[in-house]
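Engineer: One file: start_35.cif (mmCIF, C-alpha atoms and all ligand atoms).
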data_data
loop_
_atom_site.label_atom_id
_atom_site.label_comp_id
_atom_site.auth_asym_id
_atom_site.auth_seq_id
_atom_site.Cartn_x
_atom_site.Cartn_y
_atom_site.Cartn_z
CA MET E 1 12.35 20.45 30.06
CA ARG E 2 14.84 18.66 27.81
CA SER E 3 13.91 18.36 24.16
CA ALA E 4 14.44 15.91 21.30
CA ILE E 5 13.85 15.82 17.56
CA VAL E 6 13.24 12.49 15.82
CA THR E 7 13.45 12.57 12.02
CA GLY E 8 11.27 10.06 10.21
CA GLY E 9 9.16 10.31 13.37
CA ALA E 10 5.98 9.22 11.57
CA GLY E 11 7.48 5.86 10.60
CA GLY E 12 7.48 2.61 12.55
CA LEU E 13 10.70 3.04 14.52
CA GLY E 14 10.43 6.84 14.65
CA ALA E 15 7.00 6.72 16.30
CA GLY E 16 8.30 4.24 18.90
CA ILE E 17 11.40 6.33 19.60
CA SER E 18 9.31 9.52 19.87
CA ALA E 19 6.93 7.90 22.38
CA ARG E 20 9.82 6.49 24.45
CA LEU E 21 11.61 9.86 24.62
CA SER E 22 8.36 11.50 25.72
CA GLU E 23 8.08 8.89 28.51
CA ALA E 24 11.64 9.77 29.49
CA GLY E 25 10.53 13.38 29.98
CA TYR E 26 11.47 15.03 26.70
CA ARG E 27 9.52 17.55 24.65
CA VAL E 28 9.56 15.77 21.30
CA GLY E 29 9.54 17.08 17.73
CA VAL E 30 8.11 14.33 15.51
CA ALA E 31 9.61 15.37 12.17
CA ASP E 32 8.63 13.85 8.85
CA LEU E 33 8.15 14.66 5.17
CA LYS E 34 4.47 15.54 5.62
CA ARG E 35 3.11 17.26 8.70
CA GLU E 36 -0.16 15.30 8.23
CA SER E 37 1.71 12.01 8.71
CA ALA E 38 3.53 13.26 11.84
CA GLU E 39 0.42 14.80 13.44
CA PRO E 40 -1.40 11.57 14.41
CA ILE E 41 1.78 10.30 16.08
CA ALA E 42 2.47 13.59 17.90
CA SER E 43 -1.14 13.88 19.07
CA GLU E 44 -0.87 10.49 20.85
CA ILE E 45 2.29 11.50 22.70
CA LYS E 46 2.63 13.83 25.70
CA ASN E 47 4.56 17.05 24.99
CA ALA E 48 5.03 16.30 21.31
CA VAL E 49 4.73 18.50 18.26
CA ALA E 50 4.52 17.52 14.58
CA LEU E 51 7.18 19.07 12.36
CA GLU E 52 7.52 18.98 8.57
CA VAL E 53 10.97 18.44 7.11
CA ASP E 54 12.69 17.05 4.06
CA VAL E 55 16.02 16.01 5.55
CA THR E 56 17.67 16.23 2.12
CA SER E 57 17.00 19.98 1.93
CA GLU E 58 19.17 22.22 4.12
CA ALA E 59 16.60 25.04 3.88
CA SER E 60 13.86 22.69 5.07
CA VAL E 61 16.05 21.49 7.97
CA ASP E 62 16.79 25.09 9.05
CA ALA E 63 13.07 25.93 8.91
CA MET E 64 12.22 22.83 10.97
CA LEU E 65 14.81 23.71 13.65
CA ALA E 66 13.55 27.31 13.76
CA GLU E 67 9.96 26.10 14.17
CA PHE E 68 10.95 23.74 17.01
CA GLY E 69 12.53 26.71 18.80
CA ASP E 70 14.97 25.14 21.27
CA VAL E 71 18.25 23.71 20.17
CA PRO E 72 17.31 20.08 20.89
CA ASP E 73 19.18 18.23 23.65
CA VAL E 74 18.79 15.10 21.52
CA LEU E 75 18.66 14.55 17.77
CA VAL E 76 17.73 11.13 16.41
CA ASN E 77 18.63 10.85 12.72
CA ASN E 78 16.13 8.09 12.00
CA ALA E 79 14.64 9.03 8.59
CA GLY E 80 15.61 6.41 6.06
CA ILE E 81 14.61 4.94 2.72
CA ALA E 82 15.43 1.78 0.83
CA ARG E 83 15.21 1.06 -2.87
CA PHE E 84 15.69 -2.67 -2.92
CA LYS E 85 16.95 -3.90 -6.28
CA PRO E 86 19.92 -5.98 -7.41
CA LEU E 87 22.96 -3.79 -8.04
CA MET E 88 22.86 -4.78 -11.73
CA ASP E 89 19.41 -3.19 -12.07
CA GLN E 90 19.99 -0.21 -9.82
CA THR E 91 20.14 3.23 -11.42
CA ALA E 92 22.65 5.80 -10.24
CA GLU E 93 19.65 7.98 -9.25
CA ASP E 94 18.27 5.24 -6.97
CA PHE E 95 21.69 4.73 -5.46
CA GLN E 96 22.16 8.46 -4.91
CA ALA E 97 18.69 8.92 -3.39
CA VAL E 98 19.38 6.23 -0.78
CA VAL E 99 22.78 7.70 0.06
CA ASN E 100 21.27 11.20 0.29
CA VAL E 101 18.61 10.31 2.87
CA ASN E 102 20.48 7.65 4.86
CA LEU E 103 23.92 9.24 4.94
CA VAL E 104 24.28 12.79 3.58
CA ALA E 105 21.19 14.07 5.43
CA CYS E 106 22.49 12.66 8.73
CA PHE E 107 25.54 14.86 8.17
CA THR E 108 23.57 18.01 7.27
CA VAL E 109 20.86 17.62 9.96
CA GLY E 110 23.50 16.56 12.50
CA ARG E 111 25.70 19.54 11.65
CA ALA E 112 22.79 21.99 11.88
CA ALA E 113 21.81 20.68 15.33
CA ALA E 114 25.41 20.34 16.49
CA ARG E 115 26.14 24.01 15.77
CA GLY E 116 23.53 24.97 18.37
CA MET E 117 24.53 22.15 20.75
CA ALA E 118 28.16 23.30 20.58
CA LYS E 119 27.17 26.85 21.59
CA ARG E 120 25.31 25.41 24.58
CA GLY E 121 28.10 22.91 25.29
CA SER E 122 25.90 19.81 25.37
CA GLY E 123 23.91 17.49 23.16
CA VAL E 124 23.41 13.89 22.11
CA ILE E 125 23.00 12.60 18.55
CA ILE E 126 21.86 9.10 17.62
CA ASN E 127 22.10 7.90 14.03
CA ILE E 128 19.98 4.88 13.07
CA THR E 129 22.09 2.51 10.99
CA SER E 130 21.28 -1.16 10.29
CA ILE E 131 22.87 -4.59 10.51
CA ASN E 132 23.08 -4.15 6.71
CA GLY E 133 25.86 -1.67 7.45
CA ILE E 134 27.82 -4.61 8.91
CA VAL E 135 26.64 -7.49 6.72
CA PRO E 136 25.34 -6.72 3.23
CA ALA E 137 22.68 -8.77 1.47
CA SER E 138 21.68 -9.43 -2.13
CA GLY E 139 19.14 -7.15 -3.73
CA VAL E 140 19.34 -4.23 -1.32
CA GLY E 141 21.08 -1.72 -3.57
CA ALA E 142 22.85 1.21 -1.93
CA TYR E 143 21.39 0.57 1.52
CA PRO E 144 24.36 -1.33 3.06
CA ALA E 145 26.88 1.13 1.62
CA ALA E 146 24.92 4.11 2.98
CA LYS E 147 24.52 2.54 6.44
CA ALA E 148 28.18 1.50 6.61
CA GLY E 149 29.08 5.08 5.75
CA LEU E 150 26.81 6.25 8.55
CA VAL E 151 28.61 4.05 11.09
CA SER E 152 31.85 5.71 10.07
CA LEU E 153 30.32 9.22 10.06
CA THR E 154 29.02 8.57 13.59
CA LYS E 155 32.52 7.83 14.84
CA ASN E 156 33.91 10.88 13.06
CA MET E 157 31.24 13.14 14.59
CA ALA E 158 31.97 11.65 18.03
CA VAL E 159 35.67 12.38 17.67
CA GLU E 160 35.26 15.95 16.37
CA TRP E 161 32.32 16.98 18.52
CA GLY E 162 33.16 15.24 21.82
CA PRO E 163 35.29 18.19 22.96
CA LEU E 164 32.28 20.45 22.25
CA GLY E 165 30.12 18.47 24.71
CA ILE E 166 28.30 16.39 22.11
CA ARG E 167 28.07 12.60 22.29
CA VAL E 168 27.30 10.74 19.06
CA ASN E 169 26.37 7.07 18.76
CA SER E 170 24.51 4.89 16.30
CA ILE E 171 22.08 2.01 16.70
CA ALA E 172 21.99 -0.87 14.21
CA PRO E 173 18.59 -2.56 14.26
CA GLY E 174 18.32 -6.17 13.10
CA PHE E 175 15.10 -7.89 11.92
CA ILE E 176 12.48 -5.47 13.23
CA ASP E 177 8.79 -6.23 12.82
CA SER E 178 7.88 -2.61 12.17
CA GLY E 179 8.31 0.23 9.69
CA MET E 180 9.89 -0.55 6.35
CA SER E 181 10.22 -4.29 7.20
CA ALA E 182 6.63 -4.78 8.38
CA PRO E 183 5.25 -5.72 4.92
CA PHE E 184 7.98 -8.32 4.60
CA PHE E 185 7.01 -9.91 7.93
CA LYS E 186 3.28 -9.97 7.18
CA GLU E 187 3.54 -13.58 6.07
CA ARG E 188 3.45 -15.89 9.05
CA ALA E 189 5.88 -18.39 7.50
CA ILE E 190 8.51 -15.68 6.96
CA ARG E 191 8.00 -14.26 10.47
CA GLU E 192 8.47 -17.70 12.03
CA MET E 193 11.42 -18.67 9.84
CA ARG E 194 13.29 -15.38 10.36
CA GLY E 195 12.35 -15.06 14.05
CA GLY E 196 13.46 -18.65 14.65
CA LYS E 197 16.91 -18.00 13.16
CA VAL E 198 17.56 -15.18 15.63
CA PRO E 199 19.44 -16.55 18.68
CA VAL E 200 17.00 -14.83 21.09
CA GLN E 201 14.20 -16.57 19.11
CA ARG E 202 12.09 -13.63 18.05
CA LEU E 203 11.88 -10.67 15.71
CA GLY E 204 12.74 -7.28 17.18
CA LEU E 205 10.15 -4.64 17.99
CA ALA E 206 10.19 -0.86 17.61
CA ALA E 207 10.29 -0.77 21.43
CA ASP E 208 13.62 -2.64 21.45
CA ILE E 209 15.18 0.15 19.40
CA ALA E 210 13.42 2.89 21.38
CA ASN E 211 14.77 1.43 24.65
CA ALA E 212 18.30 1.46 23.22
CA VAL E 213 17.82 5.13 22.29
CA ALA E 214 16.58 5.87 25.82
CA PHE E 215 19.74 4.32 27.27
CA LEU E 216 22.15 6.07 24.91
CA VAL E 217 20.66 9.53 25.51
CA SER E 218 20.60 9.03 29.31
CA ASP E 219 23.23 10.19 31.79
CA GLU E 220 24.05 6.51 32.42
CA ALA E 221 25.61 6.53 28.93
CA SER E 222 27.62 9.71 29.51
CA TYR E 223 30.91 7.89 28.70
CA VAL E 224 29.55 6.10 25.63
CA SER E 225 30.35 7.88 22.38
CA GLY E 226 31.39 6.77 18.90
CA HIS E 227 29.69 3.39 19.40
CA ASP E 228 27.45 1.44 16.99
CA LEU E 229 25.04 -0.43 19.30
CA VAL E 230 23.79 -3.52 17.47
CA VAL E 231 20.25 -4.42 18.60
CA ASP E 232 19.59 -7.64 16.70
CA GLY E 233 19.10 -10.53 19.16
CA ALA E 234 22.57 -11.75 18.06
CA ILE E 235 21.62 -12.58 14.45
CA THR E 236 24.68 -10.76 13.05
CA PRO E 237 27.30 -12.87 14.87
CA SER E 238 25.37 -16.13 14.30
CA LEU E 239 26.76 -16.81 10.82
CA LEU E 240 28.64 -19.99 11.71
CA SER E 241 25.71 -21.51 13.59
CA HIS E 242 23.80 -21.59 10.27
CA LEU E 243 26.42 -23.90 8.73
CA PRO E 244 26.13 -27.58 9.72
CA ARG E 245 29.15 -28.77 11.69
CA GLU E 246 29.64 -31.88 13.75
CA VAL E 247 30.92 -30.86 17.19
CA LYS E 248 33.92 -33.02 18.13
CA ASP E 249 36.67 -32.70 20.70
CA ILE E 250 39.77 -31.63 18.78
N1 LIG H 301 12.38 -1.64 10.18
C1 LIG H 301 13.54 -2.28 10.15
O1 LIG H 301 13.57 -3.52 10.13
C2 LIG H 301 14.85 -1.54 10.15
C3 LIG H 301 16.02 -2.30 10.28
C4 LIG H 301 17.23 -1.65 10.26
C5 LIG H 301 17.29 -0.28 10.14
N2 LIG H 301 16.14 0.45 10.03
C6 LIG H 301 16.27 1.91 9.93
O2 LIG H 301 15.40 2.50 10.86
C7 LIG H 301 15.02 3.80 10.40
C8 LIG H 301 13.51 3.93 10.45
O3 LIG H 301 12.95 3.02 9.52
P1 LIG H 301 11.48 2.38 9.65
O4 LIG H 301 11.65 0.93 9.57
O5 LIG H 301 10.75 2.98 10.79
O6 LIG H 301 10.88 2.82 8.23
P2 LIG H 301 9.64 3.71 7.87
O7 LIG H 301 9.58 3.72 6.40
O8 LIG H 301 8.43 3.28 8.64
O9 LIG H 301 10.06 5.15 8.42
C9 LIG H 301 10.97 5.99 7.77
C10 LIG H 301 10.43 7.41 7.86
O10 LIG H 301 11.37 8.30 7.26
C11 LIG H 301 10.62 9.28 6.56
N3 LIG H 301 11.44 9.90 5.53
C12 LIG H 301 11.90 9.34 4.38
N4 LIG H 301 12.55 10.26 3.65
C13 LIG H 301 12.51 11.42 4.35
C14 LIG H 301 13.01 12.72 4.11
N5 LIG H 301 13.66 13.03 2.98
N6 LIG H 301 12.79 13.68 5.05
C15 LIG H 301 12.12 13.38 6.20
N7 LIG H 301 11.62 12.16 6.48
C16 LIG H 301 11.82 11.20 5.56
C17 LIG H 301 9.44 8.52 5.96
O11 LIG H 301 8.39 9.39 5.58
C18 LIG H 301 9.09 7.56 7.08
O12 LIG H 301 8.08 8.08 7.94
C19 LIG H 301 15.58 3.93 8.98
O13 LIG H 301 16.78 4.67 9.04
C20 LIG H 301 15.86 2.49 8.59
O14 LIG H 301 16.86 2.41 7.62
C21 LIG H 301 14.91 -0.15 10.02
#
What do you get writing this file as structure tokens?
Structural biologist:
Amino acid sequence: MRSAIVTGGAGGLGAGISARLSEAGYRVGVADLKRESAEPIASEIKNAVALEVDVTSEASVDAMLAEFGDVPDVLVNNAGIARFKPLMDQTAEDFQAVVNVNLVACFTVGRAAARGMAKRGSGVIINITSINGIVPASGVGAYPAAKAGLVSLTKNMAVEWGPLGIRVNSIAPGFIDSGMSAPFFKERAIREMRGGKVPVQRLGLAADIANAVAFLVSDEASYVSGHDLVVDGAITPSLLSHLPREVKDI
């Protein structure tokens, strides 16, 4: 049976990705900071196990991989944090913490898994980025910089590790009504306003991201590597449609 580890597996997107990979036939390691938070997710999913890991600690990552046993066929670097504050008010510690979890840890966890994958000659890594890695916003601190770095790291991993049999891609979620954004979308007016601005006319769901993961890890995607798959209902390219303009023949 193929196997997969999902970091941040107890969170909104991580739980959805874990469940979808289980449906696709994987044994899944639901890995999060506290085993107690991963356990309820793992217990609802077929062939899943709860794992405890702090992705910013190399020793903790090694212990988590040893506990899982197999070198996973799939690693989803999904753990992420945000410390939303204007840059003027952001401390260097806040900035560093966001970069550590969202970028540096994807390197260290990815490298640890890739060493085993390279020995076997196969593996797939997915890094979860964000549309904030493409378009920044006010008040979101280090988050866009960390995610933009992760897009670049993904391509670098794909280039270096492709010859070792490892494909590496990233997924950039847009406005997702789950996980760290769920509190923001609690208010009906904000849900409707934001959802209505998205060209496909709705907010995204954890399942939309999980389905993208399922495609990218599948054999149908065997020639896709080094790609940042934007799953945002086309909000990112819709900039100009938010500026009034009279359409005329010119
Ligand atoms: N929800 C969205 O709208 C959205 C949009 C774009 C990108 N993302 C990205 O999707 C990913 C998942 O986010 P989410 O929305 O599910 O948020 P979430 O807060 O629900 O989940 C994140 C998970 O990561 C875990 N985590 C944090 N630090 C960790 C560490 N040091 N070690 C191990 N686990 C750690 C948390 O405990 C949590 O369970 C993140 O990378 C996030 O940046 C989310």
Engineer: Go ahead and fit an axis-aligned box to every listed atom of ligand LIG 301 (chain H) plus 6 Å each side, and pass me the centre and edge lengths in Å, one decimal, as lines of an AutoDock Vina configuration file.
Structural biologist:
center_x = 12.7
center_y = 5.1
center_z = 6.9
size_x = 21.2
size_y = 29.2
size_z = 19.9
Engineer: Between E:Asn169, E:Ser138, E:Ser122, E:Ser57, which is the closest to E:Asp228 once you count only C-alpha atoms?
Structural biologist: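 Under the stated criterion, the closest residue is E:Asn169.
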Engineer: Pick out the residues sitting within 9 Å of stretch 88-99 of chain E, and hand them over as a list in words; count only C-alpha atoms, and ignore anything fewer than 6 positions along from it in its own chain.
Structural biologist: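 Neighbouring residues, sequence-local ones excluded: Gly80, Ile81, Ala82, Ala105, Gly141, Ala142, Tyr143, Ala145, Ala146, Lys147 and Gly149 of chain E.
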Engineer: From the set E:Leu75, E:Ile125, E:Leu205, E:Val109, which residue has the shortest atom-to-atom contact distance to E:Trp161, counting all atoms listed in the file?
Structural biologist: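 For E:Trp161, the nearest of the given residues is E:Ile125.
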Engineer: Ranking E:Ile190, E:Leu150, E:Ile41, E:Met180 by minimum distance to ligand LIG 301 (chain H) and counting all atoms listed in the file, which one comes first?
Structural biologist: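 Among the listed residues, E:Met180 lies closest to ligand LIG 301 (chain H).
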Engineer: Give the answer as one residue: which of E:Arg27, E:His242, E:Arg35, E:Lys85 has the shortest atom-to-atom distance to ligand LIG 301 (chain H), using only C-alpha atoms and all ligand atoms?
Structural biologist: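 Comparing E:Arg27, E:His242, E:Arg35, E:Lys85 against ligand LIG 301 (chain H), the winner is E:Arg35.
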Engineer: Neighbouring residues of ligand LIG 301 (chain H) are defined here as those with any atom at most 9 Å from a ligand atom, counting only C-alpha atoms and all ligand atoms; list them as a short mmCIF file (atom, residue, chain, number, x, y, z; two decimals) with C-alpha atoms, in the coordinates of the input.
Structural biologist:
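Below is the file that was written, selection_24.cif:
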data_model
loop_
_atom_site.label_atom_id
_atom_site.label_comp_id
_atom_site.auth_asym_id
_atom_site.auth_seq_id
_atom_site.Cartn_x
_atom_site.Cartn_y
_atom_site.Cartn_z
CA THR E 7 13.45 12.57 12.02
CA GLY E 8 11.27 10.06 10.21
CA GLY E 9 9.16 10.31 13.37
CA ALA E 10 5.98 9.22 11.57
CA GLY E 11 7.48 5.86 10.60
CA GLY E 12 7.48 2.61 12.55
CA LEU E 13 10.70 3.04 14.52
CA GLY E 14 10.43 6.84 14.65
CA ALA E 15 7.00 6.72 16.30
CA GLY E 16 8.30 4.24 18.90
CA ALA E 31 9.61 15.37 12.17
CA ASP E 32 8.63 13.85 8.85
CA LEU E 33 8.15 14.66 5.17
CA LYS E 34 4.47 15.54 5.62
CA SER E 37 1.71 12.01 8.71
CA ALA E 38 3.53 13.26 11.84
CA GLU E 52 7.52 18.98 8.57
CA VAL E 53 10.97 18.44 7.11
CA ASP E 54 12.69 17.05 4.06
CA VAL E 55 16.02 16.01 5.55
CA THR E 56 17.67 16.23 2.12
CA SER E 57 17.00 19.98 1.93
CA VAL E 61 16.05 21.49 7.97
CA ASN E 77 18.63 10.85 12.72
CA ASN E 78 16.13 8.09 12.00
CA ALA E 79 14.64 9.03 8.59
CA GLY E 80 15.61 6.41 6.06
CA ILE E 81 14.61 4.94 2.72
CA ALA E 82 15.43 1.78 0.83
CA ASN E 100 21.27 11.20 0.29
CA VAL E 101 18.61 10.31 2.87
CA ASN E 102 20.48 7.65 4.86
CA ALA E 105 21.19 14.07 5.43
CA ASN E 127 22.10 7.90 14.03
CA ILE E 128 19.98 4.88 13.07
CA THR E 129 22.09 2.51 10.99
CA SER E 130 21.28 -1.16 10.29
CA ILE E 131 22.87 -4.59 10.51
CA ASN E 132 23.08 -4.15 6.71
CA TYR E 143 21.39 0.57 1.52
CA LYS E 147 24.52 2.54 6.44
CA ILE E 171 22.08 2.01 16.70
CA ALA E 172 21.99 -0.87 14.21
CA PRO E 173 18.59 -2.56 14.26
CA GLY E 174 18.32 -6.17 13.10
CA PHE E 175 15.10 -7.89 11.92
CA ILE E 176 12.48 -5.47 13.23
CA ASP E 177 8.79 -6.23 12.82
CA SER E 178 7.88 -2.61 12.17
CA GLY E 179 8.31 0.23 9.69
CA MET E 180 9.89 -0.55 6.35
CA SER E 181 10.22 -4.29 7.20
CA ALA E 182 6.63 -4.78 8.38
CA GLY E 204 12.74 -7.28 17.18
CA LEU E 205 10.15 -4.64 17.99
CA ALA E 206 10.19 -0.86 17.61
CA ILE E 209 15.18 0.15 19.40
#
Engineer: Select, from E:Val74, E:Leu65, E:Leu243, E:Val6, the residue with the minimum atom-to-atom distance to E:Arg167, counting all atoms listed in the file.
Structural biologist: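 Result for the nearest residue to E:Arg167: E:Val74.
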Engineer: Anything within 8 Å of (29.4, 7.9, 12.2): list those residues as a PyMOL selection string, counting all atoms listed in the file and sticking to the file's coordinates.
Structural biologist: chain E and resi 127+149-158+168-170+226
Engineer: Kindly indicate which residue among E:Val159, E:Ile5, E:Val135, E:Val71 lies nearest to E:Lys119, using all atoms listed in the file for the distances.
Structural biologist: E:Val71
Engineer: Quick one, how far is atom CA of E:Ala48 from atom CA of E:Arg111?
Structural biologist: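 Atom CA of E:Arg111 lies 23.0 Å from atom CA of E:Ala48.
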Engineer: Work out how far apart atom CA of E:Ser241 and atom CA of E:Ala189 are and give it in Å to one decimal.
Structural biologist: 21.0 Å
Engineer: Distance atom CA of E:Met1-atom CA of E:Val231, one decimal place?
Structural biologist: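 Computing it gives 28.5 Å between the two atoms.
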Engineer: Write out as a list in words which residues come within 10 Å of E:Tyr26 when counting all atoms listed in the file, dropping same-chain ones fewer than 5 positions away.
Structural biologist: Met1, Arg2, Ser3, Ala4, Ile5, Ser18, Ala19, Arg20, Leu21, Lys46, Asn47, Ala48, Pro72, Asp73 and Val74 of chain E
